[in-house]
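Take a look at the structure below.
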Amino acid sequence: MGNSCVKLKKSTAEIAPCEFVKDSPVVILYGSPAVPLTSYIRFALQHKCVSVRMVSAETPILGPDTLVLQCGSDTVSGSRETLMRYIESRFPRPPLVMSRGGDCDETTPLIVTATRLQHRSMTWHIERMVRWAEDLAARGGRGAVDPTVGSPRMEVKKFGKSYGHLLEVMLEHAQMEERIVFPILERADRGLSKAANDDHARDLPTMNGIKEDIKSIVVLDSGTPAYQEALSNLFTRLKSLQEHCKEHFDGEERDLLPLMEAAELSKQQHERVLEQCWDAMQGTHSHLFRFFIEGLPPHDAMSYLGLIIKCNDKDRAATMLCPIME
């Protein structure tokens, strides 16, 4: 299958996320690490039950931007779509490419797809923090069952670090909407984004207040009434934030984001708006990118990575994808 006469200069570096699976097939990926598509395909393969061997190489016949997959007697090269069709056919679980429609609809503005996927990641992380806070409150200062979590104070510090990551992503997302998405809608019809802006202003004190609550819990003695009350209050505030965020995200996706299609932007303008999204959310797409991607199921993660490799600046796209391959 595919081009089987490509000559490659080998310089291997193995990654094998599924080596624990006995007799898992080995897929060899030939390509340049500097090409965004290489990271995209590696990420896809790491979600399948295969052992992946990355061979850093350029294909002199097909060009430096072309990837080649080898699995058994199969050799496949070509576009992203060609490679993904082969991967999905050969290794169907879990599915990484969804049928067309919804976020996969080519008529959906790129920034709308990006925003919806960001909502999903943040929703997942908020739910995780709520469950974690509920567990902390239920234990009331007792240590976790898992000894790797450490002492109660160590666990609260880890909780605070995770919440700090989420807070940074949420703040960058809100700023991106206020600087990029909302102004486009306001130019089309003044007042459209007022409710969403009001939601941002309402939730910001709560979000920052939770961060301060966590700091205060760290210095309390675990197991005391004050400690237990603080954990209970933390859970309550996080639960309230979760409810507000769900209402806000649902409202944007129902009432605001569909109007981006009516803004009558050209294809080039939509691409530029997406580039501006990356500019506005630099932390999310650098040191927090692995954290952000953890909040998406595999097919949504692949959709988000697909948006990144549309970036006109390929060096920038490759840099954005590096954190998830380290």
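Just so we're on the same page: first chain in the structure tokens is A, next is B, and so on; residues restart at 1 for each chain, and ligands are numbered from 1 in the order they show up.
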Inset, instruction - Assign secondary structure with DSSP using the backbone only, and return the residues of segment 102-278 of chain A in helix (DSSP H, G or I) as a ChimeraX atom specification. - result: /A:102-104,110-139,147-149,152-188,194-218,225-263,267-278
Per residue of segment 124-187 of chain A within 9 Å of segment 255-260 of chain A, which atom pair is closest and at what distance in Å (one decimal), using only C-alpha atoms, listed by chain and increasing number, as CSV?
```
residue,atom,partner,partner_atom,distance
A:Val181,CA,A:Met260,CA,8.3
A:Phe182,CA,A:Leu256,CA,8.8
A:Ile184,CA,A:Met260,CA,7.9
A:Leu185,CA,A:Met260,CA,7.0
```
Legend entry - Two-atom distance - atom CA of Val27 of chain A, atom CA of Lys314 of chain A (Å):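 Interatomic distance, atom CA of Val27 of chain A to atom CA of Lys314 of chain A: 25.0 Å.
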Legend entry - Shortest interatomic distance to Gln175 of chain A - which of A:Ser216, A:Thr224, A:Gln276, A:Gln242, counting only C-alpha atoms: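 Ranking A:Ser216, A:Thr224, A:Gln276, A:Gln242 by distance to Gln175 of chain A, first place goes to A:Gln276.
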Inset, instruction - Give the answer as one residue: which of A:His270, A:His125, A:Arg179, A:Lys157 has the shortest atom-to-atom distance to Val218 of chain A, using only C-alpha atoms? - result: A:Lys157
Inset, instruction - Would you mind listing what lies within 8 Å of Met325 of chain A as a PyMOL selection string, with only C-alpha atoms counted and same-chain residues fewer than 5 positions away left out? - result: chain A and resi 39+42-43
Mind dumping the selected residues with N, CA, C and O atoms as a short mmCIF file (atom, residue, chain, number, x, y, z; two decimals), in the first residue's frame?
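Dumped to selection-v4.cif:
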```
data_model
loop_
_atom_site.label_atom_id
_atom_site.label_comp_id
_atom_site.auth_asym_id
_atom_site.auth_seq_id
_atom_site.Cartn_x
_atom_site.Cartn_y
_atom_site.Cartn_z
N SER A 39 4.07 15.46 14.61
CA SER A 39 3.53 15.42 15.97
C SER A 39 2.08 14.99 15.96
O SER A 39 1.63 14.24 16.84
N ARG A 42 2.01 11.19 15.35
CA ARG A 42 2.55 10.50 16.54
C ARG A 42 1.51 10.50 17.67
O ARG A 42 1.32 9.50 18.36
N PHE A 43 0.86 11.63 17.86
CA PHE A 43 -0.16 11.73 18.90
C PHE A 43 -1.29 10.75 18.63
O PHE A 43 -1.79 10.09 19.54
#
```
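Here atom CA of Pro36 of chain A stands at a distance of 26.9 Å from atom CA of Ala174 of chain A.
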Inset, instruction - Can you work out which one of A:Val156, A:Phe235, A:Val68, A:Val97 has the shortest atom-to-atom distance to Glu81 of chain A, counting only C-alpha atoms? - result: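 Using only C-alpha atoms, the shortest distance to Glu81 of chain A belongs to A:Val97.
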